[in-house]
Amino acid sequence: MRILVIGRGGREHAIIWKLSQSQKVTKLFCAPGNGGIAELAECVPINEMQFEQVAQFAKDQQIDLVFVAPDDPLAAGMVDYLEAQGIVAYGPRANAALIEGSKKFMKDLLAKYNIPTAAYETFDNYEAALAYLEQQSAPIVIKADGLAAGKGVIVAQTMIEAKQALTDIMQDQVFGASAGAQVVIEEFLQGQEMSLLAFVEGNTVRVMVPSQDHKPVFDGDKGPNTGGMGTYSPVPHIAQSIVDEAIETIVKPCAQALVQEGRPFKGILYAGLMITPEGKPKTIEFNARFGDPETQVLLPRLKTDLLEIVLATIEERLADLPIEWSEDSAVCVILASPGYPSEYPKGLPITGLDQPMEHAVVFHAGTARQADGSIVTSGGRVLGITGIGRDIAEARERAYAAADRIHFDGKHYRTDIAMKALR
């Protein structure tokens, strides 16, 4: 099969890395790709939102399958568009991807079907939102309704921060006019975070192994939120009974609710959860695709051919496919550009990538390949270094050992990824 993957980040590199191991794949393309993806796939200069160009390329190159990986093209209806052109595509249609595209839609859906989540109110008027906020207490969570590259959620520790966040989103439109047209103001949930992703085909839900992301930029969960500074799987300190409860009370009911609403979901449904101090899982968010960087620890643990799962979903036989996972542990450490998540330079030379990495995989996120073949930085999150081992401690040691062999000016990373699993 000839396959085109849409996207340019670490998630897409991990997807392509996994697809490249399938006996059924003859040729991989990526639009637009990055410096590392170029080693496994032919990168084509088409932007993720250029629907017409993607469709034309798929026809010209006789592409058998388009894997739409990022949130923006999914929410904007790329799968619908390609299907209308007779092109086979993997990912949810726009009406189902709204579970991520609108936080208001997601919260209202959860409330309607009694799926556990934080108490909330939504507003499309700044004065009304401010008046409500003044009746609340900190910490409190302010969310831009629409997509904001993973950065539209502010956990305000003080009411001053909360009011500033509201102004930034609704008045200054720092995440864009459409993303900030509405806000969700939500109670702050404390506890352990957990990510549960699932391969979904309508009412069929095949949950992946659990993982845990690290959003704040600095050690000890300090500093502003990022797209994710690292992740690990499994999550041994969260009991299997809690994972099972989350599957039965949150993940499966959400997939079933979307079917009930006439929005059957086909693709990867991602539940971002908080496990409260009482041991109860509650929903923080739903995404309509693989997480980044969760994908970088989940796919190395997946023993089943990813392409087989994708085809089984498209052909509506996912319920009958055996899916196997490795007992190994995986830990991913993100190497970020100086200044990230604020302003950062681009074009910094990266060295050390040519060294052999035993028991570790380097996934490129924000990199570009120069004409001479050298790799430079081109984004905030530059590389995801995934270590694989018998347990979290060994995987963690291997990830950091590999990370220390790679250099670019001003690189920074968290030193405490996966430590919660070892305490």
# chains A, B, ... in the order shown; residues from 1 in each chain; ligands from 1

call {"tool": "residues_around", "arguments": {"residues": "region 384-387 of chain A", "least_positions_apart": "4", "cutoff": "8 Å", "atoms": "only C-alpha atoms", "output": "list in words"}}
result
Gly10, Gly230, Pro293, Gln296, Val297, Ala330, Val331, Cys332, Val333, Ile334, Leu335, His359, Ala360, Val361, Val362, Phe363, His364, Ala365, Ala395, Arg396, Glu397, Arg398, Ala399, Tyr400, Ala402 and Ala403 of chain A

call {"tool": "select_by_dssp", "arguments": {"residues": "region 179-322 of chain A", "states": "strand (DSSP E or B)", "output": "number ranges by chain"}}
result
A: 183-187, 192-201, 204-207, 211-213, 216-218, 222-225, 230-233, 266-275, 281-287, 302

call {"tool": "write_last_selection", "arguments": {"atoms": "C-alpha atoms", "output": "compact mmCIF listing (two decimals), in the first residue's frame"}}
result
# COMPACT_ATOMS: atom_id res chain seq x y z
CA VAL A 183 -14.76 30.24 26.95
CA VAL A 184 -15.33 27.40 29.37
CA ILE A 185 -14.75 28.25 33.03
CA GLU A 186 -14.22 25.06 34.97
CA GLU A 187 -13.58 23.90 38.50
CA GLN A 192 -3.03 12.38 39.12
CA GLU A 193 -3.44 12.90 35.40
CA MET A 194 -3.76 9.94 33.05
CA SER A 195 -4.20 9.64 29.30
CA LEU A 196 -6.37 6.83 27.94
CA LEU A 197 -6.42 6.55 24.16
CA ALA A 198 -8.59 4.14 22.22
CA PHE A 199 -9.00 2.86 18.69
CA VAL A 200 -12.69 3.51 18.07
CA GLU A 201 -15.16 2.44 15.40
CA THR A 204 -16.45 -0.56 19.31
CA VAL A 205 -13.81 0.77 21.72
CA ARG A 206 -10.35 -0.86 21.90
CA VAL A 207 -8.50 0.97 24.68
CA SER A 211 0.12 6.80 29.76
CA GLN A 212 0.81 10.01 31.65
CA ASP A 213 1.78 13.34 30.07
CA PRO A 216 4.05 22.30 32.52
CA VAL A 217 7.43 23.32 31.14
CA PHE A 218 9.55 23.01 34.31
CA LYS A 222 5.95 24.40 37.43
CA GLY A 223 5.63 27.09 34.78
CA PRO A 224 3.25 27.57 31.85
CA ASN A 225 1.56 24.70 30.05
CA GLY A 230 7.37 14.15 28.22
CA THR A 231 5.33 11.07 28.88
CA TYR A 232 5.55 7.47 30.01
CA SER A 233 3.67 4.17 29.84
CA LYS A 266 -13.90 6.39 13.62
CA GLY A 267 -10.28 6.86 14.57
CA ILE A 268 -8.40 7.57 17.78
CA LEU A 269 -10.34 8.94 20.73
CA TYR A 270 -8.13 10.38 23.47
CA ALA A 271 -9.44 10.88 27.01
CA GLY A 272 -7.40 13.21 29.22
CA LEU A 273 -8.36 12.23 32.76
CA MET A 274 -7.81 13.35 36.34
CA ILE A 275 -7.79 10.69 39.06
CA PRO A 281 -11.56 9.29 37.30
CA LYS A 282 -12.98 12.51 35.83
CA THR A 283 -12.69 13.90 32.30
CA ILE A 284 -10.43 16.89 31.69
CA GLU A 285 -10.59 16.78 27.89
CA PHE A 286 -11.25 14.66 24.83
CA ASN A 287 -9.10 14.77 21.72
CA LEU A 302 2.14 -1.78 20.30

call {"tool": "select_by_dssp", "arguments": {"residues": "region 260-323 of chain A", "states": "helix (DSSP H, G or I)", "output": "list in words"}}
result
Gln260, Thr295, Gln296, Val297, Leu298, Leu299, Pro300, Arg301, Leu306, Leu307, Glu308, Ile309, Val310, Leu311, Ala312, Thr313, Ile314, Leu318, Ala319 and Asp320 of chain A

call {"tool": "write_last_selection", "arguments": {"atoms": "C-alpha atoms", "output": "PDB file, in the first residue's frame"}}
result
ATOM      1  CA  GLN A 260     -26.430   8.389  19.789  1.00  0.00           C
ATOM      2  CA  THR A 295       2.123   8.440  20.717  1.00  0.00           C
ATOM      3  CA  GLN A 296       5.902   8.285  21.213  1.00  0.00           C
ATOM      4  CA  VAL A 297       5.488   5.839  24.137  1.00  0.00           C
ATOM      5  CA  LEU A 298       2.333   4.018  22.995  1.00  0.00           C
ATOM      6  CA  LEU A 299       3.429   2.936  19.512  1.00  0.00           C
ATOM      7  CA  PRO A 300       6.762   1.434  20.690  1.00  0.00           C
ATOM      8  CA  ARG A 301       4.647  -0.781  23.014  1.00  0.00           C
ATOM      9  CA  LEU A 306      -0.775  -0.397  13.179  1.00  0.00           C
ATOM     10  CA  LEU A 307      -1.883  -0.560   9.542  1.00  0.00           C
ATOM     11  CA  GLU A 308      -3.970  -3.680  10.313  1.00  0.00           C
ATOM     12  CA  ILE A 309      -5.780  -1.724  13.054  1.00  0.00           C
ATOM     13  CA  VAL A 310      -6.396   1.222  10.720  1.00  0.00           C
ATOM     14  CA  LEU A 311      -7.766  -1.022   7.970  1.00  0.00           C
ATOM     15  CA  ALA A 312      -9.939  -2.962  10.439  1.00  0.00           C
ATOM     16  CA  THR A 313     -11.436   0.353  11.621  1.00  0.00           C
ATOM     17  CA  ILE A 314     -12.158   1.580   8.084  1.00  0.00           C
ATOM     18  CA  LEU A 318     -12.195  -3.623  14.621  1.00  0.00           C
ATOM     19  CA  ALA A 319     -14.117  -5.690  17.199  1.00  0.00           C
ATOM     20  CA  ASP A 320     -12.684  -8.924  15.735  1.00  0.00           C
TER      21      ASP A 320
END

call {"tool": "closest_residue", "arguments": {"among": "A:Arg317, A:Lys215, A:His237, A:Lys24", "to": "Gly291 (chain A)", "atoms": "only C-alpha atoms"}}
result
A:Lys215

call {"tool": "residues_around", "arguments": {"residues": "Gly347 (chain A)", "least_positions_apart": "4", "cutoff": "6 Å", "atoms": "only C-alpha atoms", "output": "list in words"}}
result
Val376, Thr377 and Ser378 of chain A

call {"tool": "write_last_selection", "arguments": {"atoms": "C-alpha atoms", "output": "PDB file, in the first residue's frame"}}
result
ATOM      1  CA  VAL A 376      18.458  22.104  12.494  1.00  0.00           C
ATOM      2  CA  THR A 377      15.739  23.170  14.916  1.00  0.00           C
ATOM      3  CA  SER A 378      12.503  24.531  13.446  1.00  0.00           C
TER       4      SER A 378
END

call {"tool": "atom_distance", "arguments": {"atom1": "CA of Met159 (chain A)", "atom2": "CA of Gln135 (chain A)"}}
result
10.3 Å

call {"tool": "closest_atom_pairs", "arguments": {"of": "region 24-88 of chain A", "to": "region 139-158 of chain A", "cutoff": "10 Å", "atoms": "only C-alpha atoms", "output": "tab-separated table"}}
result
residue	atom	partner	partner_atom	distance
A:Pro70	CA	A:Ala149	CA	9.8
A:Asp71	CA	A:Leu147	CA	7.8
A:Asp72	CA	A:Leu147	CA	7.2
A:Ala75	CA	A:Leu147	CA	8.7

call {"tool": "write_last_selection", "arguments": {"atoms": "N, CA and C atoms", "output": "PDB file, in the first residue's frame"}}
result
ATOM      1  N   PRO A  70      -3.241  15.291  12.585  1.00  0.00           N
ATOM      2  CA  PRO A  70      -3.402  16.437  13.490  1.00  0.00           C
ATOM      3  C   PRO A  70      -4.853  16.877  13.693  1.00  0.00           C
ATOM      4  N   ASP A  71      -5.046  17.677  14.753  1.00  0.00           N
ATOM      5  CA  ASP A  71      -6.390  18.121  15.130  1.00  0.00           C
ATOM      6  C   ASP A  71      -7.011  19.118  14.157  1.00  0.00           C
ATOM      7  N   ASP A  72      -6.243  20.083  13.666  1.00  0.00           N
ATOM      8  CA  ASP A  72      -6.821  21.135  12.816  1.00  0.00           C
ATOM      9  C   ASP A  72      -7.492  20.592  11.551  1.00  0.00           C
ATOM     10  N   ALA A  75     -10.707  18.605  12.499  1.00  0.00           N
ATOM     11  CA  ALA A  75     -11.826  19.469  12.901  1.00  0.00           C
ATOM     12  C   ALA A  75     -12.412  20.209  11.704  1.00  0.00           C
TER      13      ALA A  75
END

call {"tool": "closest_residue", "arguments": {"among": "A:Glu12, A:Asp305, A:Asp64, A:Asp168", "to": "Ala89 (chain A)", "atoms": "only C-alpha atoms"}}
result
A:Asp64

call {"tool": "atom_distance", "arguments": {"atom1": "CA of Val235 (chain A)", "atom2": "CA of Pro277 (chain A)"}}
result
16.1 Å

call {"tool": "closest_atom_pairs", "arguments": {"of": "region 61-126 of chain A", "to": "region 45-57 of chain A", "cutoff": "7 Å", "atoms": "only C-alpha atoms", "output": "tab-separated table"}}
result
residue	atom	partner	partner_atom	distance
A:Gln61	CA	A:Phe57	CA	5.9
A:Pro73	CA	A:Met49	CA	5.7
A:Met78	CA	A:Phe51	CA	6.4
A:Leu82	CA	A:Ala55	CA	6.2

call {"tool": "residues_around", "arguments": {"residues": "Ala111 (chain A)", "least_positions_apart": "2", "cutoff": "12 Å", "atoms": "only C-alpha atoms", "output": "number ranges by chain"}}
result
A: 104-109, 113-121, 250, 253-254, 257, 283

call {"tool": "atom_distance", "arguments": {"atom1": "CA of Gly7 (chain A)", "atom2": "CA of Asp221 (chain A)"}}
result
28.1 Å

call {"tool": "decode", "arguments": {"residues": "region 332-346 of chain A", "atoms": "all heavy atoms", "output": "PDB file, in the first residue's frame"}}
result
ATOM      1  N   CYS A 332       9.367   8.953  27.380  1.00  0.00           N
ATOM      2  CA  CYS A 332       9.746   9.932  26.355  1.00  0.00           C
ATOM      3  C   CYS A 332      10.070  11.273  27.012  1.00  0.00           C
ATOM      4  O   CYS A 332       9.266  11.806  27.775  1.00  0.00           O
ATOM      5  CB  CYS A 332       8.620  10.114  25.335  1.00  0.00           C
ATOM      6  SG  CYS A 332       8.965  11.362  24.083  1.00  0.00           S
ATOM      7  N   VAL A 333      11.248  11.798  26.698  1.00  0.00           N
ATOM      8  CA  VAL A 333      11.700  13.105  27.199  1.00  0.00           C
ATOM      9  C   VAL A 333      11.774  14.068  26.013  1.00  0.00           C
ATOM     10  O   VAL A 333      12.418  13.772  25.005  1.00  0.00           O
ATOM     11  CB  VAL A 333      13.091  12.981  27.860  1.00  0.00           C
ATOM     12  CG1 VAL A 333      13.593  14.346  28.310  1.00  0.00           C
ATOM     13  CG2 VAL A 333      13.037  12.007  29.032  1.00  0.00           C
ATOM     14  N   ILE A 334      11.117  15.209  26.131  1.00  0.00           N
ATOM     15  CA  ILE A 334      11.114  16.208  25.060  1.00  0.00           C
ATOM     16  C   ILE A 334      12.276  17.180  25.247  1.00  0.00           C
ATOM     17  O   ILE A 334      12.447  17.764  26.328  1.00  0.00           O
ATOM     18  CB  ILE A 334       9.783  16.991  25.045  1.00  0.00           C
ATOM     19  CG1 ILE A 334       8.589  16.055  24.798  1.00  0.00           C
ATOM     20  CG2 ILE A 334       9.833  18.124  24.007  1.00  0.00           C
ATOM     21  CD1 ILE A 334       8.550  15.398  23.441  1.00  0.00           C
ATOM     22  N   LEU A 335      13.057  17.363  24.185  1.00  0.00           N
ATOM     23  CA  LEU A 335      14.107  18.382  24.163  1.00  0.00           C
ATOM     24  C   LEU A 335      13.530  19.608  23.454  1.00  0.00           C
ATOM     25  O   LEU A 335      13.095  19.522  22.306  1.00  0.00           O
ATOM     26  CB  LEU A 335      15.340  17.876  23.406  1.00  0.00           C
ATOM     27  CG  LEU A 335      15.940  16.540  23.866  1.00  0.00           C
ATOM     28  CD1 LEU A 335      17.234  16.249  23.114  1.00  0.00           C
ATOM     29  CD2 LEU A 335      16.188  16.537  25.368  1.00  0.00           C
ATOM     30  N   ALA A 336      13.523  20.735  24.174  1.00  0.00           N
ATOM     31  CA  ALA A 336      12.849  21.937  23.669  1.00  0.00           C
ATOM     32  C   ALA A 336      13.839  23.046  23.334  1.00  0.00           C
ATOM     33  O   ALA A 336      14.961  23.095  23.864  1.00  0.00           O
ATOM     34  CB  ALA A 336      11.836  22.427  24.698  1.00  0.00           C
ATOM     35  N   SER A 337      13.394  23.951  22.463  1.00  0.00           N
ATOM     36  CA  SER A 337      14.201  25.110  22.072  1.00  0.00           C
ATOM     37  C   SER A 337      14.301  26.100  23.225  1.00  0.00           C
ATOM     38  O   SER A 337      13.382  26.206  24.053  1.00  0.00           O
ATOM     39  CB  SER A 337      13.551  25.820  20.878  1.00  0.00           C
ATOM     40  OG  SER A 337      13.660  25.057  19.705  1.00  0.00           O
ATOM     41  N   PRO A 338      15.417  26.868  23.270  1.00  0.00           N
ATOM     42  CA  PRO A 338      15.519  27.900  24.320  1.00  0.00           C
ATOM     43  C   PRO A 338      14.376  28.901  24.189  1.00  0.00           C
ATOM     44  O   PRO A 338      14.057  29.358  23.099  1.00  0.00           O
ATOM     45  CB  PRO A 338      16.878  28.563  24.020  1.00  0.00           C
ATOM     46  CG  PRO A 338      17.206  28.197  22.602  1.00  0.00           C
ATOM     47  CD  PRO A 338      16.567  26.873  22.362  1.00  0.00           C
ATOM     48  N   GLY A 339      13.722  29.186  25.323  1.00  0.00           N
ATOM     49  CA  GLY A 339      12.600  30.127  25.307  1.00  0.00           C
ATOM     50  C   GLY A 339      11.236  29.482  25.240  1.00  0.00           C
ATOM     51  O   GLY A 339      10.241  30.101  25.617  1.00  0.00           O
ATOM     52  N   TYR A 340      11.150  28.246  24.722  1.00  0.00           N
ATOM     53  CA  TYR A 340       9.858  27.573  24.614  1.00  0.00           C
ATOM     54  C   TYR A 340       9.247  27.412  26.010  1.00  0.00           C
ATOM     55  O   TYR A 340       9.960  27.104  26.940  1.00  0.00           O
ATOM     56  CB  TYR A 340      10.031  26.187  23.960  1.00  0.00           C
ATOM     57  CG  TYR A 340       8.751  25.381  23.864  1.00  0.00           C
ATOM     58  CD1 TYR A 340       7.819  25.648  22.872  1.00  0.00           C
ATOM     59  CD2 TYR A 340       8.470  24.369  24.782  1.00  0.00           C
ATOM     60  CE1 TYR A 340       6.640  24.922  22.790  1.00  0.00           C
ATOM     61  CE2 TYR A 340       7.287  23.637  24.701  1.00  0.00           C
ATOM     62  CZ  TYR A 340       6.382  23.922  23.710  1.00  0.00           C
ATOM     63  OH  TYR A 340       5.217  23.208  23.634  1.00  0.00           O
ATOM     64  N   PRO A 341       7.922  27.667  26.230  1.00  0.00           N
ATOM     65  CA  PRO A 341       6.864  27.826  25.231  1.00  0.00           C
ATOM     66  C   PRO A 341       6.619  29.266  24.769  1.00  0.00           C
ATOM     67  O   PRO A 341       5.635  29.508  24.083  1.00  0.00           O
ATOM     68  CB  PRO A 341       5.644  27.294  25.977  1.00  0.00           C
ATOM     69  CG  PRO A 341       5.894  27.643  27.405  1.00  0.00           C
ATOM     70  CD  PRO A 341       7.380  27.523  27.595  1.00  0.00           C
ATOM     71  N   SER A 342       7.508  30.205  25.120  1.00  0.00           N
ATOM     72  CA  SER A 342       7.391  31.567  24.577  1.00  0.00           C
ATOM     73  C   SER A 342       8.185  31.639  23.266  1.00  0.00           C
ATOM     74  O   SER A 342       8.375  30.629  22.612  1.00  0.00           O
ATOM     75  CB  SER A 342       7.914  32.573  25.609  1.00  0.00           C
ATOM     76  OG  SER A 342       7.115  32.513  26.781  1.00  0.00           O
ATOM     77  N   GLU A 343       8.661  32.805  22.910  1.00  0.00           N
ATOM     78  CA  GLU A 343       9.415  32.973  21.656  1.00  0.00           C
ATOM     79  C   GLU A 343      10.705  32.159  21.699  1.00  0.00           C
ATOM     80  O   GLU A 343      11.341  32.051  22.749  1.00  0.00           O
ATOM     81  CB  GLU A 343       9.753  34.455  21.455  1.00  0.00           C
ATOM     82  CG  GLU A 343       8.543  35.342  21.203  1.00  0.00           C
ATOM     83  CD  GLU A 343       7.833  35.007  19.900  1.00  0.00           C
ATOM     84  OE1 GLU A 343       8.511  34.898  18.870  1.00  0.00           O
ATOM     85  OE2 GLU A 343       6.599  34.837  19.934  1.00  0.00           O
ATOM     86  N   TYR A 344      11.071  31.589  20.549  1.00  0.00           N
ATOM     87  CA  TYR A 344      12.301  30.787  20.494  1.00  0.00           C
ATOM     88  C   TYR A 344      12.952  30.936  19.124  1.00  0.00           C
ATOM     89  O   TYR A 344      12.274  31.208  18.128  1.00  0.00           O
ATOM     90  CB  TYR A 344      11.994  29.306  20.783  1.00  0.00           C
ATOM     91  CG  TYR A 344      10.909  28.727  19.917  1.00  0.00           C
ATOM     92  CD1 TYR A 344      11.182  28.255  18.625  1.00  0.00           C
ATOM     93  CD2 TYR A 344       9.585  28.670  20.368  1.00  0.00           C
ATOM     94  CE1 TYR A 344      10.169  27.736  17.822  1.00  0.00           C
ATOM     95  CE2 TYR A 344       8.572  28.150  19.562  1.00  0.00           C
ATOM     96  CZ  TYR A 344       8.875  27.689  18.304  1.00  0.00           C
ATOM     97  OH  TYR A 344       7.884  27.179  17.501  1.00  0.00           O
ATOM     98  N   PRO A 345      14.282  30.762  19.059  1.00  0.00           N
ATOM     99  CA  PRO A 345      14.971  30.855  17.766  1.00  0.00           C
ATOM    100  C   PRO A 345      14.762  29.586  16.947  1.00  0.00           C
ATOM    101  O   PRO A 345      14.382  28.539  17.485  1.00  0.00           O
ATOM    102  CB  PRO A 345      16.442  30.998  18.171  1.00  0.00           C
ATOM    103  CG  PRO A 345      16.530  30.279  19.486  1.00  0.00           C
ATOM    104  CD  PRO A 345      15.206  30.495  20.167  1.00  0.00           C
ATOM    105  N   LYS A 346      15.000  29.675  15.652  1.00  0.00           N
ATOM    106  CA  LYS A 346      14.972  28.505  14.770  1.00  0.00           C
ATOM    107  C   LYS A 346      16.311  28.406  14.049  1.00  0.00           C
ATOM    108  O   LYS A 346      17.079  29.367  14.010  1.00  0.00           O
ATOM    109  CB  LYS A 346      13.839  28.623  13.752  1.00  0.00           C
ATOM    110  CG  LYS A 346      12.451  28.593  14.367  1.00  0.00           C
ATOM    111  CD  LYS A 346      11.363  28.678  13.306  1.00  0.00           C
ATOM    112  CE  LYS A 346       9.977  28.644  13.940  1.00  0.00           C
ATOM    113  NZ  LYS A 346       8.905  28.710  12.925  1.00  0.00           N
TER     114      LYS A 346
END
